[in-house]
$ cat start09.pdb   # PDB, C-alpha atoms
ATOM      1  CA  MET B  14       0.000   0.000   0.000
ATOM      2  CA  ALA B  15       1.330   3.434  -0.927
ATOM      3  CA  ALA B  16       2.163   5.743   1.958
ATOM      4  CA  LYS B  17      -0.370   8.454   2.689
ATOM      5  CA  GLN B  18       0.477  11.743   1.017
ATOM      6  CA  MET B  19       0.923  14.501   3.590
ATOM      7  CA  THR B  20       0.617  18.221   2.935
ATOM      8  CA  ILE B  21       3.315  20.272   4.666
ATOM      9  CA  LEU B  22       4.079  23.993   4.762
ATOM     10  CA  VAL B  23       7.755  24.932   5.103
ATOM     11  CA  THR B  24       8.757  28.534   5.763
ATOM     12  CA  GLY B  25      12.162  29.826   4.707
ATOM     13  CA  ALA B  26      12.353  27.122   2.036
ATOM     14  CA  SER B  27      14.753  28.944  -0.284
ATOM     15  CA  SER B  28      17.939  27.482   1.234
ATOM     16  CA  GLY B  29      19.472  25.535   4.090
ATOM     17  CA  PHE B  30      17.299  23.291   6.215
ATOM     18  CA  GLY B  31      14.091  24.556   4.609
ATOM     19  CA  ARG B  32      15.185  23.795   1.054
ATOM     20  CA  ARG B  33      16.537  20.369   1.931
ATOM     21  CA  VAL B  34      13.499  19.194   3.897
ATOM     22  CA  THR B  35      11.296  20.447   1.053
ATOM     23  CA  GLU B  36      13.274  18.284  -1.377
ATOM     24  CA  LEU B  37      13.138  15.242   0.907
ATOM     25  CA  LEU B  38       9.393  15.530   1.524
ATOM     26  CA  ALA B  39       8.595  16.085  -2.135
ATOM     27  CA  GLY B  40      10.870  13.198  -3.117
ATOM     28  CA  GLN B  41       8.866  10.885  -0.869
ATOM     29  CA  GLY B  42       5.650  11.911  -2.611
ATOM     30  CA  HIS B  43       4.392  14.428  -0.069
ATOM     31  CA  PHE B  44       3.017  17.789  -1.169
ATOM     32  CA  VAL B  45       4.909  20.832   0.052
ATOM     33  CA  TYR B  46       3.907  24.473   0.183
ATOM     34  CA  ALA B  47       7.324  26.131   0.193
ATOM     35  CA  GLY B  48       7.508  29.667   1.538
ATOM     36  CA  ALA B  49      10.089  32.070   0.123
ATOM     37  CA  ARG B  50      10.427  35.756  -0.782
ATOM     38  CA  LYS B  51      12.633  36.230  -3.846
ATOM     39  CA  PRO B  52      11.211  35.583  -7.346
ATOM     40  CA  ALA B  53      14.224  33.445  -8.327
ATOM     41  CA  ASP B  54      13.768  31.250  -5.258
ATOM     42  CA  LEU B  55      10.033  30.877  -5.906
ATOM     43  CA  GLU B  56      10.738  29.850  -9.497
ATOM     44  CA  SER B  57      13.349  27.323  -8.404
ATOM     45  CA  LEU B  58      11.029  25.792  -5.816
ATOM     46  CA  ASN B  59       8.131  25.577  -8.252
ATOM     47  CA  ALA B  60      10.329  23.512 -10.556
ATOM     48  CA  ILE B  61      10.356  20.677  -7.980
ATOM     49  CA  THR B  62       7.668  18.019  -8.427
ATOM     50  CA  ASN B  63       5.074  18.060  -5.595
ATOM     51  CA  VAL B  64       6.050  21.598  -4.552
ATOM     52  CA  SER B  65       3.966  24.769  -4.732
ATOM     53  CA  ALA B  66       5.974  27.877  -3.888
ATOM     54  CA  LEU B  67       4.292  30.584  -1.853
ATOM     55  CA  ARG B  68       5.425  34.195  -1.665
ATOM     56  CA  MET B  69       5.484  34.513   2.105
ATOM     57  CA  ASP B  70       7.438  36.875   4.294
ATOM     58  CA  VAL B  71       6.644  35.680   7.824
ATOM     59  CA  THR B  72       6.778  39.273   9.090
ATOM     60  CA  ILE B  73       3.927  40.399   6.811
ATOM     61  CA  GLN B  74       0.475  39.341   8.010
ATOM     62  CA  ALA B  75      -1.136  39.910   4.608
ATOM     63  CA  GLU B  76       1.236  37.428   2.973
ATOM     64  CA  VAL B  77       0.626  34.851   5.700
ATOM     65  CA  ASP B  78      -3.141  35.306   5.275
ATOM     66  CA  ALA B  79      -2.777  34.910   1.499
ATOM     67  CA  ALA B  80      -0.942  31.628   2.070
ATOM     68  CA  VAL B  81      -3.791  30.371   4.244
ATOM     69  CA  ALA B  82      -6.280  31.354   1.545
ATOM     70  CA  LYS B  83      -4.213  29.525  -1.101
ATOM     71  CA  VAL B  84      -4.206  26.271   0.876
ATOM     72  CA  LYS B  85      -7.954  26.527   1.440
ATOM     73  CA  THR B  86      -8.643  27.372  -2.210
ATOM     74  CA  ASP B  87      -6.625  24.324  -3.269
ATOM     75  CA  GLY B  88      -8.902  22.226  -1.084
ATOM     76  CA  ARG B  89      -6.032  20.774   0.897
ATOM     77  CA  LYS B  90      -5.776  20.088   4.584
ATOM     78  CA  LEU B  91      -2.521  20.866   6.357
ATOM     79  CA  ASP B  92      -0.795  17.956   8.038
ATOM     80  CA  GLY B  93       2.297  19.822   9.119
ATOM     81  CA  LEU B  94       3.975  23.193   9.510
ATOM     82  CA  VAL B  95       7.743  23.660   9.630
ATOM     83  CA  ASN B  96       8.644  27.039  11.116
ATOM     84  CA  ASN B  97      12.117  27.260   9.628
ATOM     85  CA  ALA B  98      12.547  30.892   8.510
ATOM     86  CA  GLY B  99      15.238  32.580  10.589
ATOM     87  CA  VAL B 100      17.815  35.362  10.617
ATOM     88  CA  ALA B 101      20.758  36.493  12.729
ATOM     89  CA  VAL B 102      22.406  39.771  13.730
ATOM     90  CA  LEU B 103      26.114  39.497  14.518
ATOM     91  CA  PHE B 104      26.682  42.319  17.001
ATOM     92  CA  PRO B 105      27.375  42.384  20.753
ATOM     93  CA  LEU B 106      24.197  43.056  22.726
ATOM     94  CA  ASN B 107      25.101  46.561  23.875
ATOM     95  CA  GLU B 108      26.092  47.511  20.327
ATOM     96  CA  THR B 109      22.938  46.137  18.674
ATOM     97  CA  SER B 110      20.434  48.742  17.524
ATOM     98  CA  GLU B 111      16.811  48.476  18.565
ATOM     99  CA  ALA B 112      15.869  48.193  14.891
ATOM    100  CA  ASP B 113      18.167  45.185  14.442
ATOM    101  CA  LEU B 114      16.861  43.507  17.576
ATOM    102  CA  ARG B 115      13.275  44.009  16.427
ATOM    103  CA  TYR B 116      14.230  42.563  13.027
ATOM    104  CA  VAL B 117      15.540  39.345  14.624
ATOM    105  CA  MET B 118      12.575  38.999  16.946
ATOM    106  CA  ASP B 119      10.042  39.678  14.206
ATOM    107  CA  VAL B 120      11.414  36.936  11.965
ATOM    108  CA  ASN B 121      12.508  34.374  14.556
ATOM    109  CA  VAL B 122       9.799  34.698  17.213
ATOM    110  CA  ILE B 123       6.775  36.674  16.079
ATOM    111  CA  GLY B 124       7.007  35.143  12.600
ATOM    112  CA  PRO B 125       6.519  31.522  13.751
ATOM    113  CA  TRP B 126       3.782  32.631  16.135
ATOM    114  CA  ARG B 127       2.088  34.574  13.315
ATOM    115  CA  VAL B 128       2.207  31.622  10.915
ATOM    116  CA  ALA B 129       1.145  28.957  13.417
ATOM    117  CA  LYS B 130      -1.718  31.118  14.653
ATOM    118  CA  ALA B 131      -2.988  31.724  11.114
ATOM    119  CA  PHE B 132      -2.806  28.047  10.162
ATOM    120  CA  ALA B 133      -4.010  26.704  13.540
ATOM    121  CA  PRO B 134      -7.572  25.904  12.351
ATOM    122  CA  LEU B 135      -6.235  23.815   9.455
ATOM    123  CA  LEU B 136      -3.681  22.077  11.686
ATOM    124  CA  ILE B 137      -6.330  21.305  14.293
ATOM    125  CA  GLU B 138      -8.706  19.972  11.643
ATOM    126  CA  ALA B 139      -5.998  17.590  10.408
ATOM    127  CA  LYS B 140      -4.638  16.804  13.901
ATOM    128  CA  GLY B 141      -1.321  17.767  12.376
ATOM    129  CA  ARG B 142       2.130  18.697  13.573
ATOM    130  CA  VAL B 143       4.147  21.855  14.140
ATOM    131  CA  VAL B 144       7.930  21.630  13.924
ATOM    132  CA  ASN B 145       9.761  24.700  15.222
ATOM    133  CA  LEU B 146      13.407  25.276  14.359
ATOM    134  CA  SER B 147      15.246  26.493  17.421
ATOM    135  CA  SER B 148      19.015  26.150  17.925
ATOM    136  CA  ILE B 149      21.621  25.189  20.475
ATOM    137  CA  SER B 150      21.623  28.978  20.951
ATOM    138  CA  GLY B 151      18.211  28.407  22.520
ATOM    139  CA  ILE B 152      19.914  26.235  25.121
ATOM    140  CA  PHE B 153      22.795  28.536  26.060
ATOM    141  CA  GLY B 154      23.634  32.136  25.258
ATOM    142  CA  ALA B 155      27.074  32.559  23.705
ATOM    143  CA  PRO B 156      28.840  35.939  23.713
ATOM    144  CA  LEU B 157      28.462  37.899  20.458
ATOM    145  CA  LEU B 158      25.359  35.914  19.527
ATOM    146  CA  GLY B 159      23.073  37.559  22.071
ATOM    147  CA  PRO B 160      20.255  38.794  19.785
ATOM    148  CA  TYR B 161      20.018  35.432  18.045
ATOM    149  CA  ALA B 162      20.207  33.523  21.356
ATOM    150  CA  MET B 163      17.451  35.716  22.812
ATOM    151  CA  SER B 164      15.194  34.844  19.900
ATOM    152  CA  LYS B 165      15.911  31.135  20.121
ATOM    153  CA  HIS B 166      15.384  31.043  23.891
ATOM    154  CA  ALA B 167      12.017  32.630  23.165
ATOM    155  CA  MET B 168      11.366  29.922  20.551
ATOM    156  CA  GLU B 169      12.027  27.272  23.201
ATOM    157  CA  ALA B 170       9.466  28.830  25.543
ATOM    158  CA  TYR B 171       6.987  29.363  22.713
ATOM    159  CA  SER B 172       7.296  25.743  21.589
ATOM    160  CA  GLU B 173       6.860  24.356  25.086
ATOM    161  CA  SER B 174       3.768  26.442  25.783
ATOM    162  CA  LEU B 175       2.300  25.723  22.348
ATOM    163  CA  ARG B 176       2.933  21.996  22.839
ATOM    164  CA  GLY B 177       0.795  22.007  25.967
ATOM    165  CA  GLU B 178      -1.977  24.093  24.421
ATOM    166  CA  MET B 179      -2.229  22.232  21.111
ATOM    167  CA  ALA B 180      -2.132  18.770  22.668
ATOM    168  CA  ARG B 181      -5.800  19.057  23.638
ATOM    169  CA  PHE B 182      -6.631  19.353  19.929
ATOM    170  CA  GLY B 183      -4.496  16.407  18.856
ATOM    171  CA  VAL B 184      -1.761  18.604  17.352
ATOM    172  CA  THR B 185       1.832  17.595  18.115
ATOM    173  CA  VAL B 186       4.523  20.275  18.534
ATOM    174  CA  CYS B 187       8.206  19.365  18.184
ATOM    175  CA  THR B 188      11.346  21.458  18.502
ATOM    176  CA  ILE B 189      14.610  20.936  16.620
ATOM    177  CA  GLU B 190      17.817  22.347  18.141
ATOM    178  CA  PRO B 191      20.553  22.319  15.481
ATOM    179  CA  GLY B 192      24.198  23.099  16.045
ATOM    180  CA  ASN B 193      26.428  24.944  13.606
ATOM    181  CA  PHE B 194      25.686  23.673  10.087
ATOM    182  CA  ALA B 195      26.286  25.159   6.640
ATOM    183  CA  THR B 196      22.985  26.893   5.929
ATOM    184  CA  GLY B 197      23.687  30.405   4.647
ATOM    185  CA  ILE B 198      22.238  32.245   7.666
ATOM    186  CA  GLY B 199      25.645  33.725   8.499
ATOM    187  CA  GLN B 200      26.209  34.926   4.943
ATOM    188  CA  THR B 201      22.752  36.466   4.884
ATOM    189  CA  ALA B 202      23.594  38.366   8.089
ATOM    190  CA  VAL B 203      26.846  39.630   6.549
ATOM    191  CA  ASP B 204      25.100  40.666   3.327
ATOM    192  CA  ARG B 205      22.559  42.639   5.353
ATOM    193  CA  MET B 206      25.343  44.380   7.263
ATOM    194  CA  LYS B 207      26.927  45.460   3.982
ATOM    195  CA  GLN B 208      23.612  46.736   2.652
ATOM    196  CA  LYS B 209      23.141  48.803   5.812
ATOM    197  CA  GLY B 210      26.739  50.032   5.825
ATOM    198  CA  GLN B 211      27.421  48.350   9.167
ATOM    199  CA  THR B 212      30.878  47.260  10.330
ATOM    200  CA  HIS B 213      32.576  46.143  13.533
ATOM    201  CA  ASP B 214      35.225  48.870  13.235
ATOM    202  CA  ALA B 215      34.030  50.803  16.300
ATOM    203  CA  SER B 216      33.147  47.720  18.339
ATOM    204  CA  SER B 217      34.747  47.068  21.710
ATOM    205  CA  PHE B 218      34.889  43.450  20.530
ATOM    206  CA  LYS B 219      36.194  44.226  17.035
ATOM    207  CA  ASP B 220      38.604  41.334  16.504
ATOM    208  CA  ALA B 221      36.421  38.735  18.236
ATOM    209  CA  ALA B 222      33.297  39.983  16.450
ATOM    210  CA  ILE B 223      34.974  39.743  13.051
ATOM    211  CA  GLN B 224      36.255  36.238  13.823
ATOM    212  CA  ASN B 225      32.782  35.214  14.981
ATOM    213  CA  MET B 226      31.242  36.615  11.796
ATOM    214  CA  GLU B 227      33.714  34.761   9.584
ATOM    215  CA  ARG B 228      33.153  31.529  11.503
ATOM    216  CA  LEU B 229      29.397  31.733  11.043
ATOM    217  CA  ARG B 230      29.419  32.759   7.388
ATOM    218  CA  GLY B 231      31.895  30.116   6.251
ATOM    219  CA  SER B 232      30.950  26.603   5.209
ATOM    220  CA  GLU B 233      34.397  25.013   5.387
ATOM    221  CA  GLY B 234      34.446  22.084   7.791
ATOM    222  CA  LYS B 235      30.701  22.228   8.376
ATOM    223  CA  GLU B 236      28.123  19.611   7.515
ATOM    224  CA  GLY B 237      25.408  20.425   5.035
ATOM    225  CA  PRO B 238      21.757  20.484   6.053
ATOM    226  CA  ASP B 239      20.931  16.783   5.588
ATOM    227  CA  ARG B 240      21.214  15.675   9.224
ATOM    228  CA  VAL B 241      18.859  18.427  10.413
ATOM    229  CA  ALA B 242      16.468  17.949   7.492
ATOM    230  CA  LYS B 243      16.147  14.262   8.391
ATOM    231  CA  ALA B 244      15.386  15.192  12.003
ATOM    232  CA  ILE B 245      12.632  17.519  10.765
ATOM    233  CA  LEU B 246      11.324  14.691   8.596
ATOM    234  CA  ALA B 247      11.209  12.394  11.635
ATOM    235  CA  ALA B 248       9.337  15.024  13.655
ATOM    236  CA  LEU B 249       6.751  15.252  10.873
ATOM    237  CA  LEU B 250       6.361  11.580   9.991
ATOM    238  CA  ASP B 251       7.345   9.343  12.918
ATOM    239  CA  PRO B 252       4.368   7.807  14.759
ATOM    240  CA  ALA B 253       5.692   9.045  18.126
ATOM    241  CA  PRO B 254       8.134  11.924  17.482
ATOM    242  CA  LYS B 255      10.444  13.313  20.147
ATOM    243  CA  PRO B 256       9.255  16.606  21.685
ATOM    244  CA  ARG B 257      12.729  18.084  21.128
ATOM    245  CA  SER B 258      15.743  16.929  19.151
ATOM    246  CA  LEU B 259      19.317  18.084  19.642
ATOM    247  CA  VAL B 260      20.992  17.762  16.232
ATOM    248  CA  VAL B 261      24.710  18.490  16.226
ATOM    249  CA  SER B 262      27.635  17.366  14.088
ATOM    250  CA  ASN B 263      30.289  17.010  16.789
ATOM    251  CA  GLN B 264      30.692  15.866  20.369
ATOM    252  CA  ARG B 265      31.711  19.322  21.597
ATOM    253  CA  ASP B 266      28.392  20.943  20.648
ATOM    254  CA  ALA B 267      26.495  18.096  22.319
ATOM    255  CA  GLU B 268      28.541  18.358  25.509
ATOM    256  CA  VAL B 269      28.320  22.146  25.728
ATOM    257  CA  SER B 270      24.549  21.984  25.272
ATOM    258  CA  LEU B 271      23.991  19.300  27.885
ATOM    259  CA  ARG B 272      26.459  20.769  30.381
ATOM    260  CA  SER B 273      24.708  24.120  30.023
ATOM    261  CA  HIS B 274      21.444  22.591  31.200
ATOM    262  CA  LEU B 275      23.177  20.766  34.047
ATOM    263  CA  LYS B 276      24.917  23.977  35.132
ATOM    264  CA  LYS B 277      21.600  25.828  35.198
ATOM    265  CA  LEU B 278      20.085  22.998  37.237
ATOM    266  CA  ALA B 279      22.901  23.252  39.765
ATOM    267  CA  GLN B 280      22.522  27.036  39.975
ATOM    268  CA  LEU B 281      18.752  26.828  40.403
ATOM    269  CA  ASN B 282      19.179  24.265  43.170
ATOM    270  CA  GLN B 283      21.824  26.218  45.065
ATOM    271  CA  GLY B 284      21.361  27.830  48.449
ATOM    272  CA  HIS B 285      17.641  27.982  49.171
ATOM    273  CA  GLU B 286      15.348  26.218  51.628
ATOM    274  CA  PHE B 287      13.733  24.040  48.948
ATOM    275  CA  SER B 288      16.895  22.722  47.278
ATOM    276  CA  TYR B 289      17.542  18.995  46.838
ATOM    277  CA  ASP B 290      20.527  16.833  47.761
ATOM    278  CA  ARG B 291      22.629  15.075  45.141
ATOM    279  CA  ASN B 292      20.933  11.685  45.531
ATOM    280  CA  THR B 293      17.505  13.186  44.946
ATOM    281  CA  LEU B 294      18.752  15.072  41.895
ATOM    282  CA  VAL B 295      20.249  11.876  40.451
ATOM    283  CA  LYS B 296      16.942  10.106  41.052
ATOM    284  CA  MET B 297      15.113  12.913  39.252
ATOM    285  CA  LEU B 298      17.550  12.588  36.331
ATOM    286  CA  ASP B 299      17.002   8.824  36.188
ATOM    287  CA  GLU B 300      13.234   9.370  36.123
ATOM    288  CA  ALA B 301      13.555  11.956  33.340
ATOM    289  CA  LEU B 302      15.790   9.615  31.328
ATOM    290  CA  ALA B 303      13.309   6.776  31.730
ATOM    291  CA  GLU B 304      10.426   9.016  30.684
ATOM    292  CA  ALA B 305      12.351  10.085  27.566
ATOM    293  CA  GLY B 306      13.113   6.458  26.723
ATOM    294  CA  ALA B 307      16.836   6.951  27.269
ATOM    295  CA  GLY B 308      17.228   4.967  30.459
ATOM    296  CA  ASN B 309      18.890   1.937  28.859
TER     297      ASN B 309
END
$ encode --input "start09.pdb" --output "C-alpha cells"
Amino acid sequence: MAAKQMTILVTGASSGFGRRVTELLAGQGHFVYAGARKPADLESLNAITNVSALRMDVTIQAEVDAAVAKVKTDGRKLDGLVNNAGVAVLFPLNETSEADLRYVMDVNVIGPWRVAKAFAPLLIEAKGRVVNLSSISGIFGAPLLGPYAMSKHAMEAYSESLRGEMARFGVTVCTIEPGNFATGIGQTAVDRMKQKGQTHDASSFKDAAIQNMERLRGSEGKEGPDRVAKAILAALLDPAPKPRSLVVSNQRDAEVSLRSHLKKLAQLNQGHEFSYDRNTLVKMLDEALAEAGAGN
C-alpha cells in the first residue's frame, strides 16, 4: 500500500534546512507548500515536483493570510507546519540597535507565532504537527550571539507552551535544536550588514566579532543540512516523534549543550530552603531519562 500523502508547509524554504526538507518531503511523494520571498527562489522551488511555492514573508500578516487562503482554495488540509525561517544579527548586545533587535525577533519569534496562529484551524482539523526550528543557541547564550540567542530562547518557551496548548486538539509540537551547520544564515547576516553600511570597526569586541562573523558565514568544515532535514522529517512523519531533538555534528556541541542545562540545574538548586541533595537530583535525572526512553 502506498504511503499516505501529507501536505506540509515549510517557511524559509529557499535554502538551508528549509530547502533540503522540502526536497526530501517532495521526493517521498508528499506535497509541500514552500515559503520564500525572492522571485528566483520561488521559481526554483516551483520547478520541484510536488512543490507549490508561496510568496510569504513571515513578518507580513497579509502574505501569511494569502498563504492560508491559497491552501484553502486548493482544497487541501494541512498535516504539518515547519517554522524554519530565521535570521541572525552578529553584534554584541550593547552595540545592537533596537531596529536590528526588532528585526531578529520579528522573523525568529513573532514570525513563527504569526504563521502557526494563522494556520491553527487547518492544523487542528488535520490533527497535524508543528515543527519549530530552534538552535543550540536556545539552550545557552554565547557571547556575540546575544540577539540570536534571545530569539531562540524565546522559541524554546513558545514551543513548550504551544505543545501544551495544542495537545488538547491532537496537534503535536516538536522542537529541533541544530548546532552549527552550513545553511547560509551567516552569509545572509553579513550581506545585510553590507547593505546597511554596518561594520565592527568601532566595536569594543572588534577582533572577536569579526572572527565570529567569519566563523558563522563560512561553510568550510561544516556539515550540510541533511542531518537536520532528516530530524525535521522524523518530527513530521514518525508515529511518536520526540518533543525536542538536539541535532549536532560534533561531540563538543552536544557536551556544551547538555552541560549548560546541568549547570543551570545546579545554579537553580543552590542555596535555598527548597533545594535537593545530590541523591535526589540523580533520582530525578534517572526518572527523566526513563520518561524520555533513554534509560537503557
$ residues_around --input "start09.pdb" --residues "Val95 (chain B)" --least-positions-apart "6" --cutoff "8 Å" --atoms "all atoms listed in the file" --output "number ranges by chain"
B: 21-24, 143-146, 245
$ closest_residue --input "start09.pdb" --among "B:Asn97, B:Gln208, B:Ser65, B:Ser27" --to "Ala129 (chain B)" --atoms "all atoms listed in the file"
B:Asn97
$ residues_around --input "start09.pdb" --residues "Arg291 (chain B)" --least-positions-apart "6" --cutoff "12 Å" --atoms "all atoms listed in the file" --output "list in words"
Leu278, Ala279, Asn282, Gln283, Met297 and Leu298 of chain B
$ resolve_selection --input "start09.pdb" --expression "the PyMOL selection byres ((chain B and resi 220-232) around 12)" --output "PyMOL selection string"
chain B and resi 29+101-106+108+155-159+192-204+206+212-219+233-238
$ resolve_selection --input "start09.pdb" --expression "the PyMOL selection byres ((chain B and resi 36-43) around 8)" --output "list in words"
Gln18, Met19, Thr20, Ile21, Arg32, Arg33, Val34, Thr35, Phe44, Val45, Ile61, Thr62, Asn63, Val64, Ala242 and Leu246 of chain B
$ residues_around --input "start09.pdb" --residues "region 51-55 of chain B" --least-positions-apart "3" --cutoff "12 Å" --atoms "only C-alpha atoms" --output "list in words"
Thr24, Gly25, Ala26, Ser27, Ser28, Gly31, Arg32, Tyr46, Ala47, Gly48, Leu58, Asn59, Ala60, Ile61, Val64, Ser65, Ala66, Leu67, Arg68, Met69 and Asp70 of chain B
$ closest_residue --input "start09.pdb" --among "B:Val184, B:Ala112, B:Val269, B:Ala98" --to "Ala139 (chain B)" --atoms "all atoms listed in the file"
B:Val184
